[in-house]
file coords_8.csv (CSV, C-alpha atoms)
chain,number,residue,atom,x,y,z
A,95,MET,CA,91.5,86.7,104.5
A,96,ARG,CA,94.2,89.3,103.7
A,97,ILE,CA,92.2,92.2,105.2
A,98,SER,CA,91.4,90.1,108.3
A,99,LEU,CA,95.1,89.3,108.8
A,100,ILE,CA,96.1,93.0,108.4
A,101,LEU,CA,93.6,94.0,111.1
A,102,LEU,CA,94.9,91.2,113.4
A,103,PHE,CA,98.4,92.5,113.0
A,104,LEU,CA,97.4,96.0,113.7
A,105,PHE,CA,95.5,95.2,116.9
A,106,LEU,CA,97.5,92.3,118.2
A,107,SER,CA,101.1,93.2,117.4
A,108,PRO,CA,103.0,94.4,120.5
A,109,TRP,CA,105.0,96.7,118.3
A,110,HIS,CA,102.4,98.1,115.8
A,111,ALA,CA,105.2,98.1,113.3
A,112,LEU,CA,103.9,96.2,110.3
A,113,ALA,CA,105.6,97.9,107.4
A,114,ALA,CA,105.0,95.3,104.7
A,115,GLY,CA,104.9,91.8,106.1
A,116,ASN,CA,103.2,88.6,105.0
A,117,THR,CA,99.5,89.0,104.9
A,118,SER,CA,98.8,86.1,102.4
A,119,GLY,CA,97.2,83.8,105.0
A,120,THR,CA,99.3,80.8,103.9
A,121,THR,CA,100.5,78.2,106.4
A,122,PHE,CA,104.2,77.1,106.8
A,123,SER,CA,103.3,73.8,105.1
A,124,GLN,CA,101.8,75.7,102.1
A,125,SER,CA,104.8,78.0,101.8
A,126,LYS,CA,107.1,75.0,101.6
A,127,LYS,CA,105.1,73.7,98.7
A,128,ILE,CA,105.1,77.1,97.0
A,129,LEU,CA,108.8,77.3,97.3
A,130,GLN,CA,109.4,73.9,95.8
A,131,MET,CA,106.8,74.0,93.0
A,132,GLN,CA,107.0,77.7,92.0
A,133,ILE,CA,109.9,79.8,93.4
A,134,TYR,CA,112.6,77.2,92.9
A,135,LYS,CA,111.1,75.2,90.1
A,136,ALA,CA,113.8,76.5,87.7
A,137,HIS,CA,116.4,77.2,90.3
A,138,ARG,CA,116.9,74.1,92.3
A,139,THR,CA,120.1,75.1,94.1
A,140,THR,CA,120.6,75.2,97.9
A,141,PHE,CA,121.3,78.4,99.7
A,142,TYR,CA,124.4,77.1,101.5
A,143,GLY,CA,126.9,75.6,99.2
A,144,HIS,CA,124.8,75.8,96.0
A,145,CYS,CA,124.1,72.1,95.9
A,146,ALA,CA,121.7,70.9,93.2
A,147,PHE,CA,118.5,69.1,94.1
A,148,ASP,CA,115.7,67.6,92.1
A,149,ALA,CA,111.9,67.8,92.0
A,150,LYS,CA,111.7,65.3,94.9
A,151,LYS,CA,114.1,67.4,97.0
A,152,VAL,CA,116.9,64.9,96.7
A,153,VAL,CA,120.4,66.5,97.0
A,154,ASP,CA,123.1,65.9,94.5
A,155,TRP,CA,126.2,65.9,96.7
A,156,ALA,CA,128.6,65.7,93.7
A,157,SER,CA,127.3,69.0,92.4
A,158,CYS,CA,128.8,70.9,95.2
A,159,GLY,CA,131.4,68.5,96.7
A,160,TYR,CA,129.2,67.8,99.8
A,161,THR,CA,130.3,65.2,102.3
A,162,PRO,CA,127.9,64.5,105.2
A,163,ARG,CA,129.3,65.4,108.6
A,164,LYS,CA,127.2,62.9,110.6
A,165,GLN,CA,123.7,62.5,109.3
A,166,ALA,CA,123.8,61.1,105.7
A,167,LYS,CA,120.1,60.4,105.6
A,168,ARG,CA,119.1,63.9,106.5
A,169,ALA,CA,121.8,65.3,104.3
A,170,SER,CA,120.2,63.6,101.3
A,171,ARG,CA,117.2,65.8,101.4
A,172,VAL,CA,116.4,69.5,101.1
A,173,GLU,CA,114.7,71.3,104.0
A,174,TRP,CA,113.3,74.8,104.1
A,175,GLU,CA,115.5,76.9,106.4
A,176,HIS,CA,114.3,80.0,108.3
A,177,VAL,CA,117.2,82.5,107.7
A,178,MET,CA,116.0,84.2,110.9
A,179,PRO,CA,115.3,81.2,113.0
A,180,ALA,CA,111.8,80.6,114.4
A,181,TRP,CA,113.2,80.8,117.9
A,182,GLU,CA,114.6,84.3,117.2
A,183,PHE,CA,111.4,85.8,115.9
A,184,GLY,CA,109.1,83.6,118.0
A,185,HIS,CA,110.6,84.1,121.5
A,186,GLN,CA,109.7,87.8,121.3
A,187,LEU,CA,106.0,86.9,121.3
A,188,GLN,CA,103.9,86.3,124.4
A,189,CYS,CA,102.7,82.9,123.1
A,190,TRP,CA,106.3,81.7,123.0
A,191,GLN,CA,106.8,82.6,126.6
A,192,LYS,CA,103.9,80.4,127.5
A,193,GLY,CA,105.0,77.3,125.7
A,194,GLY,CA,107.4,77.8,122.9
A,195,ARG,CA,106.8,77.1,119.2
A,196,LYS,CA,103.9,74.7,119.9
A,197,ALA,CA,102.0,77.4,121.9
A,198,CYS,CA,102.4,79.9,119.0
A,199,LYS,CA,100.7,77.7,116.4
A,200,LYS,CA,97.4,79.6,116.8
A,201,ASP,CA,99.0,83.0,116.9
A,202,PRO,CA,98.4,84.9,113.6
A,203,ILE,CA,101.5,87.0,113.9
A,204,PHE,CA,103.8,83.9,114.5
A,205,ASN,CA,102.1,82.1,111.6
A,206,ALA,CA,102.7,85.0,109.2
A,207,MET,CA,106.4,85.1,110.2
A,208,GLU,CA,106.8,81.3,110.1
A,209,SER,CA,105.4,81.1,106.6
A,210,ASP,CA,107.0,84.3,105.1
A,211,LEU,CA,108.6,83.3,101.9
A,212,HIS,CA,111.2,86.0,102.1
A,213,ASN,CA,112.7,84.3,105.2
A,214,LEU,CA,112.8,80.8,103.8
A,215,GLN,CA,115.7,79.2,101.8
A,216,PRO,CA,116.4,75.7,100.6
A,217,ALA,CA,119.2,74.0,102.6
A,218,VAL,CA,120.7,70.5,102.9
A,219,GLY,CA,118.8,69.0,105.8
A,220,GLU,CA,121.8,68.1,107.8
A,221,MET,CA,123.1,71.7,107.6
A,222,ASN,CA,119.7,73.1,108.5
A,223,GLY,CA,119.7,70.9,111.6
A,224,ASP,CA,123.3,71.7,112.5
A,225,ARG,CA,122.7,75.5,112.2
A,226,SER,CA,119.6,75.1,114.5
A,227,ASN,CA,118.9,78.5,115.9
A,228,PHE,CA,122.5,79.6,116.1
A,229,LYS,CA,123.3,83.2,115.2
A,230,TYR,CA,125.3,84.0,112.1
A,231,GLY,CA,128.8,85.2,112.7
A,232,LEU,CA,132.5,84.8,111.9
A,233,ILE,CA,134.5,81.8,113.1
A,234,ASP,CA,138.3,81.7,113.4
A,235,GLY,CA,139.8,79.2,111.0
A,236,GLU,CA,138.1,77.1,108.4
A,237,LEU,CA,136.2,74.4,110.4
A,238,ARG,CA,134.8,72.8,107.3
A,239,GLY,CA,132.6,69.9,108.2
A,240,TYR,CA,130.7,69.4,104.9
A,241,GLY,CA,133.3,68.6,102.3
A,242,ALA,CA,133.9,71.4,99.9
A,243,VAL,CA,130.9,73.4,101.0
A,244,ASP,CA,131.8,76.8,102.4
A,245,PHE,CA,129.8,76.7,105.7
A,246,GLU,CA,131.1,76.4,109.2
A,247,VAL,CA,129.4,75.7,112.5
A,248,ASN,CA,131.0,76.2,115.9
A,249,PHE,CA,128.7,74.1,118.1
A,250,LYS,CA,130.4,75.3,121.4
A,251,GLN,CA,129.9,79.0,120.6
A,252,LYS,CA,126.6,78.4,118.7
A,253,ILE,CA,127.7,80.3,115.7
A,254,ALA,CA,127.2,79.5,112.0
A,255,GLU,CA,129.4,81.2,109.3
A,256,PRO,CA,128.0,81.3,105.8
A,257,ALA,CA,129.9,81.8,102.5
A,258,GLU,CA,130.7,85.4,101.5
A,259,ASN,CA,128.5,85.3,98.5
A,260,ILE,CA,125.3,84.9,100.5
A,261,ARG,CA,126.1,87.1,103.5
A,262,GLY,CA,124.3,90.1,102.0
A,263,ASP,CA,121.2,88.0,101.3
A,264,ILE,CA,121.2,87.0,105.0
A,265,ALA,CA,121.6,90.6,106.1
A,266,ARG,CA,118.8,91.9,103.9
A,267,THR,CA,116.5,89.1,105.1
A,268,TYR,CA,117.2,90.1,108.8
A,269,PHE,CA,116.5,93.8,108.0
A,270,TYR,CA,113.3,92.8,106.2
A,271,MET,CA,112.1,90.8,109.2
A,272,GLU,CA,113.0,93.7,111.6
A,273,GLN,CA,111.1,96.2,109.5
A,274,ALA,CA,108.1,94.0,108.7
A,275,TYR,CA,107.4,92.6,112.1
A,276,GLY,CA,109.3,94.7,114.6
A,277,ILE,CA,111.8,92.0,115.5
A,278,ARG,CA,114.6,93.4,117.6
A,279,ILE,CA,118.1,93.0,116.2
A,280,SER,CA,121.1,93.6,118.6
A,281,LYS,CA,123.6,96.3,118.0
A,282,LYS,CA,126.3,93.7,117.3
A,283,GLN,CA,124.1,92.0,114.7
A,284,ARG,CA,123.3,95.3,113.0
A,285,GLN,CA,126.9,96.2,112.6
A,286,LEU,CA,127.7,92.8,111.2
A,287,PHE,CA,124.8,92.7,108.8
A,288,THR,CA,125.4,96.3,107.6
A,289,ALA,CA,128.9,95.3,106.6
A,290,TRP,CA,127.7,92.1,105.0
A,291,SER,CA,125.1,93.9,102.9
A,292,LYS,CA,127.7,96.3,101.6
A,293,LEU,CA,130.3,93.6,100.9
A,294,ASP,CA,127.8,91.3,99.1
A,295,PRO,CA,125.5,93.5,97.0
A,296,VAL,CA,122.2,92.3,95.5
A,297,ASP,CA,122.6,89.9,92.6
A,298,ASP,CA,120.3,88.9,89.8
A,299,TRP,CA,118.8,85.8,91.5
A,300,GLU,CA,118.1,87.7,94.6
A,301,ARG,CA,116.1,90.2,92.6
A,302,GLU,CA,114.3,87.5,90.6
A,303,ARG,CA,113.4,85.6,93.8
A,304,ASN,CA,112.2,88.8,95.4
A,305,ASN,CA,109.9,89.5,92.5
A,306,LYS,CA,108.6,85.9,92.3
A,307,ILE,CA,107.7,86.1,96.0
A,308,SER,CA,106.0,89.4,95.6
A,309,SER,CA,103.8,88.0,92.8
A,310,ILE,CA,102.6,85.2,95.2
A,311,GLN,CA,102.8,86.7,98.7
A,312,GLY,CA,102.0,90.2,97.7
A,313,ASN,CA,104.9,92.1,99.2
A,314,LEU,CA,108.6,92.9,98.4
A,315,ASN,CA,111.7,92.9,100.5
A,316,GLY,CA,112.4,96.6,100.2
A,317,PHE,CA,116.1,96.1,101.1
A,318,ILE,CA,116.5,94.2,97.8
A,319,GLN,CA,114.5,96.6,95.7

call {"tool": "encode", "arguments": {"input": "coords_8.csv", "output": "structure tokens"}}
result
Amino acid sequence: MRISLILLFLFLSPWHALAAGNTSGTTFSQSKKILQMQIYKAHRTTFYGHCAFDAKKVVDWASCGYTPRKQAKRASRVEWEHVMPAWEFGHQLQCWQKGGRKACKKDPIFNAMESDLHNLQPAVGEMNGDRSNFKYGLIDGELRGYGAVDFEVNFKQKIAEPAENIRGDIARTYFYMEQAYGIRISKKQRQLFTAWSKLDPVDDWERERNNKISSIQGNLNGFIQ
């Protein structure tokens, strides 16, 4: 399966730029189970706000001072967030132009990107929904909408601002997706993420997570190593 996927990437990719992407053959559904049962089994903490969650993906609001903005039911559960949104890597594929995410379900390149463990993080469901496919950036003021959690969303400008201690993680994920799949990053994004990567260097959990993913998916995020 892995060899077949590699060949598909080489011949079907419009960029021919596969450096070290996901060739595991797992689906998005399978990746979510792997994250829950293996990668985060002993580290059940959300990416945004570091909220604790249990084996059933139920979020402990008190652990991080979380207050639902609008959707309490969705805020009670963990969802798996694409750091680089599916829209951002998907709309650069021909299948997306023909019919969006649904049309890309049979595309091997899209499936590899959608299920790539390096690009998936646990998030409070409400925050995952609010962030949507908004770009990361800086927002004037502190528009806190989730209690004590350091995460802001400007819905009018379609920007999400994460806490300083995960900005480097986000930057290195974007650089990985660019290198592995040839996803184009704007000049403005590159400048922002380069600064974020320097200001928030790699930490122990980021290294541990990278190694865990490598042992399962078969490749490392080289920007962490």

call {"tool": "atom_distance", "arguments": {"input": "coords_8.csv", "atom1": "atom CA of A:Cys189", "atom2": "atom CA of A:Phe317"}}
result
28.9 Å

call {"tool": "closest_residue", "arguments": {"input": "coords_8.csv", "among": "A:Arg278, A:Leu211, A:Thr120, A:Asp263", "to": "A:Ser308", "atoms": "all atoms listed in the file"}}
result
A:Leu211

call {"tool": "atom_distance", "arguments": {"input": "coords_8.csv", "atom1": "atom CA of A:Arg138", "atom2": "atom CA of A:Leu237"}}
result
26.5 Å

call {"tool": "closest_residue", "arguments": {"input": "coords_8.csv", "among": "A:Trp155, A:Arg163, A:Thr140, A:Met271", "to": "A:Glu246", "atoms": "all atoms listed in the file"}}
result
A:Arg163

call {"tool": "residues_around", "arguments": {"input": "coords_8.csv", "residues": "A:Asn304", "least_positions_apart": "2", "cutoff": "12 Å", "atoms": "only C-alpha atoms", "output": "number ranges by chain"}}
result
A: 133-134, 210-214, 263, 266-267, 270, 296-302, 306-319

call {"tool": "closest_residue", "arguments": {"input": "coords_8.csv", "among": "A:Ile279, A:Cys158, A:Ala114, A:Leu187", "to": "A:Tyr240", "atoms": "all atoms listed in the file"}}
result
A:Cys158

call {"tool": "atom_distance", "arguments": {"input": "coords_8.csv", "atom1": "atom CA of A:Gly223", "atom2": "atom CA of A:Trp290"}}
result
23.6 Å

call {"tool": "closest_residue", "arguments": {"input": "coords_8.csv", "among": "A:Ile277, A:Leu129, A:Ala289, A:Ile233", "to": "A:Ile203", "atoms": "all atoms listed in the file"}}
result
A:Ile277

call {"tool": "build_atoms", "arguments": {"input": "coords_8.csv", "residues": "stretch 111-129 of chain A", "atoms": "N, CA and C atoms", "output": "PDB file, in the coordinates of the input"}}
result
ATOM      1  N   ALA A 111     104.177  97.646 114.228  1.00  0.00           N
ATOM      2  CA  ALA A 111     105.200  98.100 113.300  1.00  0.00           C
ATOM      3  C   ALA A 111     105.180  97.339 111.987  1.00  0.00           C
ATOM      4  N   LEU A 112     103.983  96.974 111.556  1.00  0.00           N
ATOM      5  CA  LEU A 112     103.900  96.200 110.300  1.00  0.00           C
ATOM      6  C   LEU A 112     104.142  97.165 109.138  1.00  0.00           C
ATOM      7  N   ALA A 113     105.276  97.059 108.521  1.00  0.00           N
ATOM      8  CA  ALA A 113     105.600  97.900 107.400  1.00  0.00           C
ATOM      9  C   ALA A 113     105.074  97.209 106.093  1.00  0.00           C
ATOM     10  N   ALA A 114     105.460  95.967 105.895  1.00  0.00           N
ATOM     11  CA  ALA A 114     105.000  95.300 104.700  1.00  0.00           C
ATOM     12  C   ALA A 114     105.303  93.770 104.864  1.00  0.00           C
ATOM     13  N   GLY A 115     104.678  93.193 105.871  1.00  0.00           N
ATOM     14  CA  GLY A 115     104.900  91.800 106.100  1.00  0.00           C
ATOM     15  C   GLY A 115     103.987  90.872 105.344  1.00  0.00           C
ATOM     16  N   ASN A 116     104.009  89.608 105.698  1.00  0.00           N
ATOM     17  CA  ASN A 116     103.200  88.600 105.000  1.00  0.00           C
ATOM     18  C   ASN A 116     101.785  88.613 105.467  1.00  0.00           C
ATOM     19  N   THR A 117     100.880  88.956 104.592  1.00  0.00           N
ATOM     20  CA  THR A 117      99.500  89.000 104.900  1.00  0.00           C
ATOM     21  C   THR A 117      98.703  88.006 103.969  1.00  0.00           C
ATOM     22  N   SER A 118      99.412  87.039 103.398  1.00  0.00           N
ATOM     23  CA  SER A 118      98.800  86.100 102.400  1.00  0.00           C
ATOM     24  C   SER A 118      97.884  85.099 103.027  1.00  0.00           C
ATOM     25  N   GLY A 119      98.077  84.803 104.322  1.00  0.00           N
ATOM     26  CA  GLY A 119      97.200  83.800 105.000  1.00  0.00           C
ATOM     27  C   GLY A 119      97.700  82.377 104.753  1.00  0.00           C
ATOM     28  N   THR A 120      98.839  82.175 104.101  1.00  0.00           N
ATOM     29  CA  THR A 120      99.300  80.800 103.900  1.00  0.00           C
ATOM     30  C   THR A 120      99.934  80.246 105.152  1.00  0.00           C
ATOM     31  N   THR A 121      99.922  78.926 105.243  1.00  0.00           N
ATOM     32  CA  THR A 121     100.500  78.200 106.400  1.00  0.00           C
ATOM     33  C   THR A 121     101.994  77.929 106.019  1.00  0.00           C
ATOM     34  N   PHE A 122     102.764  77.503 107.015  1.00  0.00           N
ATOM     35  CA  PHE A 122     104.200  77.100 106.800  1.00  0.00           C
ATOM     36  C   PHE A 122     104.218  75.944 105.802  1.00  0.00           C
ATOM     37  N   SER A 123     103.333  74.982 105.956  1.00  0.00           N
ATOM     38  CA  SER A 123     103.300  73.800 105.100  1.00  0.00           C
ATOM     39  C   SER A 123     103.007  74.257 103.618  1.00  0.00           C
ATOM     40  N   GLN A 124     102.087  75.185 103.461  1.00  0.00           N
ATOM     41  CA  GLN A 124     101.800  75.700 102.100  1.00  0.00           C
ATOM     42  C   GLN A 124     102.918  76.455 101.519  1.00  0.00           C
ATOM     43  N   SER A 125     103.609  77.224 102.339  1.00  0.00           N
ATOM     44  CA  SER A 125     104.800  78.000 101.800  1.00  0.00           C
ATOM     45  C   SER A 125     105.857  77.080 101.336  1.00  0.00           C
ATOM     46  N   LYS A 126     106.092  75.961 102.027  1.00  0.00           N
ATOM     47  CA  LYS A 126     107.100  75.000 101.600  1.00  0.00           C
ATOM     48  C   LYS A 126     106.778  74.437 100.217  1.00  0.00           C
ATOM     49  N   LYS A 127     105.532  74.181  99.984  1.00  0.00           N
ATOM     50  CA  LYS A 127     105.100  73.700  98.700  1.00  0.00           C
ATOM     51  C   LYS A 127     105.241  74.721  97.592  1.00  0.00           C
ATOM     52  N   ILE A 128     104.920  75.959  97.941  1.00  0.00           N
ATOM     53  CA  ILE A 128     105.100  77.100  97.000  1.00  0.00           C
ATOM     54  C   ILE A 128     106.516  77.243  96.584  1.00  0.00           C
ATOM     55  N   LEU A 129     107.392  77.184  97.558  1.00  0.00           N
ATOM     56  CA  LEU A 129     108.800  77.300  97.300  1.00  0.00           C
ATOM     57  C   LEU A 129     109.308  76.226  96.342  1.00  0.00           C
TER      58      LEU A 129
END
